[in-house]
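A.B. asks: Just one file: model_9.txt, with compact mmCIF, C-alpha atoms.
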```
# COMPACT_ATOMS: atom_id res chain seq x y z
CA MET A 1 90.31 -25.19 160.27
CA LYS A 2 88.60 -21.94 160.98
CA VAL A 3 84.84 -21.70 161.12
CA VAL A 4 82.41 -18.86 161.47
CA ILE A 5 79.13 -20.14 162.88
CA GLN A 6 76.04 -18.00 162.59
CA ARG A 7 72.75 -18.83 164.26
CA VAL A 8 70.13 -18.24 161.58
CA LYS A 9 66.39 -18.15 161.11
CA GLN A 10 67.09 -19.12 157.49
CA SER A 11 69.95 -19.28 155.01
CA ALA A 12 70.44 -20.10 151.33
CA VAL A 13 73.24 -20.49 148.80
CA HIS A 14 72.80 -19.53 145.15
CA ILE A 15 75.23 -20.28 142.33
CA ASP A 16 74.72 -18.72 138.88
CA GLY A 17 71.25 -17.60 139.94
CA ALA A 18 70.12 -21.10 140.95
CA GLU A 19 69.42 -22.14 144.51
CA LYS A 20 71.93 -24.79 145.62
CA ALA A 21 70.83 -25.18 149.25
CA LYS A 22 68.34 -23.66 151.68
CA ILE A 23 67.67 -24.18 155.38
CA GLY A 24 65.32 -22.87 158.02
CA GLN A 25 66.32 -22.40 161.66
CA GLY A 26 69.82 -23.64 162.38
CA LEU A 27 73.43 -22.81 161.64
CA LEU A 28 75.30 -21.32 158.71
CA VAL A 29 78.87 -22.60 158.94
CA LEU A 30 81.59 -20.92 156.88
CA VAL A 31 84.74 -23.07 156.82
CA GLY A 32 88.31 -22.21 155.84
CA ILE A 33 90.79 -25.06 155.56
CA GLU A 34 94.50 -24.71 156.29
CA GLU A 35 97.29 -26.93 154.88
CA ILE A 36 98.00 -28.41 158.33
CA ASP A 37 94.39 -29.45 159.04
CA ASN A 38 93.52 -33.13 159.32
CA GLN A 39 90.82 -35.62 160.35
CA ASN A 40 91.33 -34.82 164.04
CA ASP A 41 90.45 -31.16 163.36
CA ILE A 42 87.34 -32.25 161.47
CA GLU A 43 86.09 -34.58 164.20
CA TRP A 44 86.76 -32.07 166.99
CA LEU A 45 84.99 -29.25 165.12
CA CYS A 46 81.99 -31.40 164.18
CA ARG A 47 81.42 -32.42 167.81
CA LYS A 48 81.85 -28.80 168.89
CA ILE A 49 79.46 -27.40 166.27
CA VAL A 50 76.67 -29.92 166.82
CA GLY A 51 76.94 -29.61 170.60
CA LEU A 52 77.33 -25.81 170.76
CA ARG A 53 74.58 -24.51 173.06
CA ILE A 54 73.59 -21.25 171.37
CA PHE A 55 69.83 -21.68 170.99
CA GLU A 56 67.48 -20.43 173.68
CA ASP A 57 65.57 -22.70 176.03
CA GLN A 58 62.15 -21.99 177.58
CA ASP A 59 63.79 -19.48 179.96
CA GLN A 60 65.41 -17.53 177.08
CA VAL A 61 68.87 -18.80 178.06
CA MET A 62 71.25 -20.05 175.35
CA ASN A 63 71.23 -23.64 176.57
CA ARG A 64 70.21 -25.73 173.54
CA SER A 65 72.20 -27.07 170.60
CA VAL A 66 71.23 -27.27 166.93
CA GLN A 67 70.61 -30.96 167.56
CA ASP A 68 68.34 -30.20 170.55
CA ILE A 69 66.10 -27.97 168.44
CA ASP A 70 66.15 -30.34 165.43
CA GLY A 71 67.74 -27.50 163.46
CA GLU A 72 69.48 -27.55 160.12
CA ILE A 73 73.02 -26.76 159.00
CA ILE A 74 74.34 -25.27 155.79
CA ILE A 75 78.11 -25.38 155.12
CA VAL A 76 79.97 -23.02 152.81
CA SER A 77 83.68 -23.30 151.99
CA GLN A 78 85.46 -19.97 152.36
CA PHE A 79 89.23 -19.95 151.92
CA THR A 80 89.34 -16.24 152.80
CA LEU A 81 88.95 -17.20 156.47
CA GLN A 82 92.62 -18.15 156.26
CA ALA A 83 93.63 -14.60 155.27
CA SER A 84 96.66 -13.06 156.89
CA THR A 85 96.44 -9.27 157.14
CA LYS A 86 99.64 -8.61 159.09
CA LYS A 87 101.46 -6.85 156.25
CA GLY A 88 100.01 -4.19 153.99
CA ASN A 89 96.42 -4.00 152.83
CA ARG A 90 96.25 -6.98 150.52
CA PRO A 91 95.44 -10.21 152.40
CA SER A 92 97.73 -13.18 151.95
CA TYR A 93 96.22 -16.65 151.63
CA ILE A 94 99.48 -18.58 151.99
CA LYS A 95 98.04 -20.74 154.82
CA ALA A 96 94.92 -21.71 152.88
CA ALA A 97 94.97 -25.31 151.72
CA LYS A 98 95.34 -25.98 148.00
CA PRO A 99 92.29 -27.61 146.35
CA GLU A 100 93.91 -31.07 146.23
CA THR A 101 94.15 -30.95 150.04
CA ALA A 102 91.10 -28.82 150.84
CA ILE A 103 88.44 -30.61 148.77
CA PRO A 104 88.81 -34.03 150.44
CA LEU A 105 88.91 -32.36 153.87
CA TYR A 106 85.82 -30.26 153.04
CA GLU A 107 83.95 -33.36 151.88
CA ALA A 108 84.99 -35.24 155.03
CA PHE A 109 83.82 -32.27 157.12
CA VAL A 110 80.39 -32.37 155.45
CA ARG A 111 80.08 -36.15 156.02
CA CYS A 112 81.19 -35.80 159.65
CA LEU A 113 78.66 -33.04 160.37
CA GLU A 114 75.92 -35.12 158.76
CA HIS A 115 76.90 -38.10 160.88
CA ASN A 116 76.99 -36.08 164.11
CA LEU A 117 73.77 -34.20 163.34
CA GLY A 118 71.98 -37.34 162.21
CA LYS A 119 70.69 -35.86 158.95
CA SER A 120 71.79 -34.24 155.70
CA VAL A 121 73.24 -30.76 155.65
CA GLY A 122 73.08 -28.16 152.90
CA THR A 123 76.26 -27.11 151.13
CA GLY A 124 77.63 -24.67 148.66
CA THR A 125 80.03 -25.83 145.94
CA PHE A 126 83.73 -25.80 146.75
CA GLY A 127 85.50 -23.06 144.78
CA ALA A 128 82.34 -21.65 143.20
CA ASP A 129 81.32 -17.99 143.19
CA MET A 130 78.39 -18.18 145.61
CA GLN A 131 75.82 -15.76 146.91
CA VAL A 132 75.00 -16.59 150.52
CA SER A 133 71.95 -15.10 152.17
CA LEU A 134 70.97 -15.35 155.79
CA VAL A 135 68.77 -13.97 158.47
CA ASN A 136 71.08 -13.91 161.47
CA ASP A 137 69.20 -14.74 164.65
CA GLY A 138 70.28 -12.66 167.63
CA PRO A 139 72.70 -11.90 166.07
CA VAL A 140 74.78 -14.82 167.30
CA THR A 141 78.13 -15.36 165.58
CA ILE A 142 80.85 -17.66 166.92
CA LEU A 143 84.44 -18.01 165.64
CA ILE A 144 86.35 -21.27 166.20
CA ASP A 145 89.88 -22.20 165.14
CA SER A 146 90.74 -25.89 165.50
CA GLN A 147 94.43 -24.94 165.81
CA ASN A 148 93.64 -22.89 168.93
CA ARG A 149 91.84 -25.35 171.23
CA ILE A 150 93.36 -24.26 174.52
```
Let's see the structure in the file written out as structure tokens.
C.D. replies:
Amino acid sequence: MKVVIQRVKQSAVHIDGAEKAKIGQGLLVLVGIEEIDNQNDIEWLCRKIVGLRIFEDQDQVMNRSVQDIDGEIIIVSQFTLQASTKKGNRPSYIKAAKPETAIPLYEAFVRCLEHNLGKSVGTGTFGADMQVSLVNDGPVTILIDSQNRI
């Protein structure tokens, strides 16, 4: 699984002009699922995301997690994170999981993040055409690939 984590002041997802989810201070997590991903990847990423110390403490040092600040999380599925751009100019998505694999993993990822955070998270809709808005705070953007832990 590949995730792009953005520290935000606020974020929202709209589908067909209607607001699907909205958060205040916290994290926008874009997630791309690969065919080889499994429950171990989900659990490792969820612990990493919730514990990631990227919010400032009283000394303006990034030393607090989303959980420490009682922040919120919004998750958006984004298969394009699995793009391969090695050949030519048209990305290949051969590594991206097919919906029958990706949807259950995405749903498990959402449940796992909710469990680790201790509250509900906002989501987009898997496979939908979404408009995602955010106010990036910092900016702080972190990339994590569960297949590259070392």
A.B. asks: Anything within 10 Å of (72.3, -30.9, 155.4): list those residues as a list in words, counting all atoms listed in the file and sticking to the file's coordinates.
C.D. replies: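 Those residues, ordered by chain and then number, are Ala21, Lys22, Ile23, Gly71, Glu72, Ile73, Ile74, Ile75, Val110, Arg111, Leu113, Glu114, Leu117, Gly118, Lys119, Ser120, Val121, Gly122 and Thr123 of chain A.
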A.B. asks: Taking 6 positions as the minimum chain separation for residues in the same chain, which residues sit within 6 Å of segment 96-107 of chain A when counting all atoms listed in the file? Answer as a ChimeraX atom specification.
C.D. replies: /A:33-35,82
A.B. asks: Suppose you want the space between atom CA of Asn148 of chain A and atom CA of Phe79 of chain A; what is it in Å?
C.D. replies: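 Rounded to one decimal, the two atoms are 17.8 Å apart.
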A.B. asks: State, in Å with one decimal place, the distance from atom CA of Ile36 of chain A to atom CA of Leu52 of chain A.
C.D. replies: 24.3 Å
A.B. asks: Give me the residues within 6 Å of Lys9 of chain A as a list in words, counting only C-alpha atoms and dropping any in the same chain fewer than 4 places off.
C.D. replies: Gly24, Gln25, Val135 and Asp137 of chain A
A.B. asks: Go through A:Met130, A:Val140, A:Leu30, A:Ala83 and flag the residue nearest Phe109 of chain A, using only C-alpha atoms for the distances.
C.D. replies: A:Leu30
A.B. asks: Using all atoms listed in the file, which of A:Gly17, A:Pro91, A:Pro139, A:Gly124 sits nearest Ile5 of chain A?
C.D. replies: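 Of all the options, A:Pro139 lies closest to Ile5 of chain A.
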A.B. asks: Could you list as a ChimeraX atom specification every residue that has an atom within 7 Å of (83.0, -20.3, 157.9), using the file's coordinates and counting only C-alpha atoms?
C.D. replies: /A:2-5,29-32,76-78,81
A.B. asks: Just to be explicit: take each residue in the selection above, keep C-alpha atoms, and write the result as a tab-separated table (two decimals), keeping the file's coordinate frame.
C.D. replies:
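As written to disk, part.tsv reads:
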```
chain	number	residue	atom	x	y	z
A	2	LYS	CA	88.60	-21.94	160.98
A	3	VAL	CA	84.84	-21.70	161.12
A	4	VAL	CA	82.41	-18.86	161.47
A	5	ILE	CA	79.13	-20.14	162.88
A	29	VAL	CA	78.87	-22.60	158.94
A	30	LEU	CA	81.59	-20.92	156.88
A	31	VAL	CA	84.74	-23.07	156.82
A	32	GLY	CA	88.31	-22.21	155.84
A	76	VAL	CA	79.97	-23.02	152.81
A	77	SER	CA	83.68	-23.30	151.99
A	78	GLN	CA	85.46	-19.97	152.36
A	81	LEU	CA	88.95	-17.20	156.47
```
A.B. asks: Which distance in Å separates atom CA of Lys48 of chain A and atom CA of Leu143 of chain A, to one decimal?
C.D. replies: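 Atom CA of Lys48 of chain A sits 11.6 Å away from atom CA of Leu143 of chain A.
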A.B. asks: Using all atoms listed in the file, pick whichever of A:Ile144, A:Leu27, A:Leu45, A:Ile94 has the shortest atom-to-atom distance to Gln67 of chain A.
C.D. replies: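 Answer, going by the shortest atom-to-atom distance: A:Leu27.
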A.B. asks: Nearest to Thr125 of chain A: which of A:Cys112, A:Ile15, A:Val61, A:Cys46 is it, counting only C-alpha atoms?
C.D. replies: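 Under the stated criterion, the closest residue is A:Ile15.
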A.B. asks: Residues within 8 Å of Val132 of chain A, please, as a VMD selection string. Count only C-alpha atoms; anything in the same chain fewer than 4 positions from it doesn't count.
C.D. replies: chain A and resid 11 to 14
A.B. asks: For the residues in that selection, give me C-alpha atoms as an mmCIF file, in the coordinates of the input.
C.D. replies:
```
data_model
loop_
_atom_site.group_PDB
_atom_site.id
_atom_site.type_symbol
_atom_site.label_atom_id
_atom_site.label_comp_id
_atom_site.auth_asym_id
_atom_site.auth_seq_id
_atom_site.Cartn_x
_atom_site.Cartn_y
_atom_site.Cartn_z
ATOM 1 C CA SER A 11 69.950 -19.280 155.010
ATOM 2 C CA ALA A 12 70.440 -20.100 151.330
ATOM 3 C CA VAL A 13 73.240 -20.490 148.800
ATOM 4 C CA HIS A 14 72.800 -19.530 145.150
#
```
A.B. asks: Taking only C-alpha atoms into account, name the residue in A:Ala108, A:Ile49, A:Val8, A:Ala18 that is nearest to Gln131 of chain A.
C.D. replies: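 Of A:Ala108, A:Ile49, A:Val8, A:Ala18, the one nearest Gln131 of chain A is A:Ala18, counting only C-alpha atoms.
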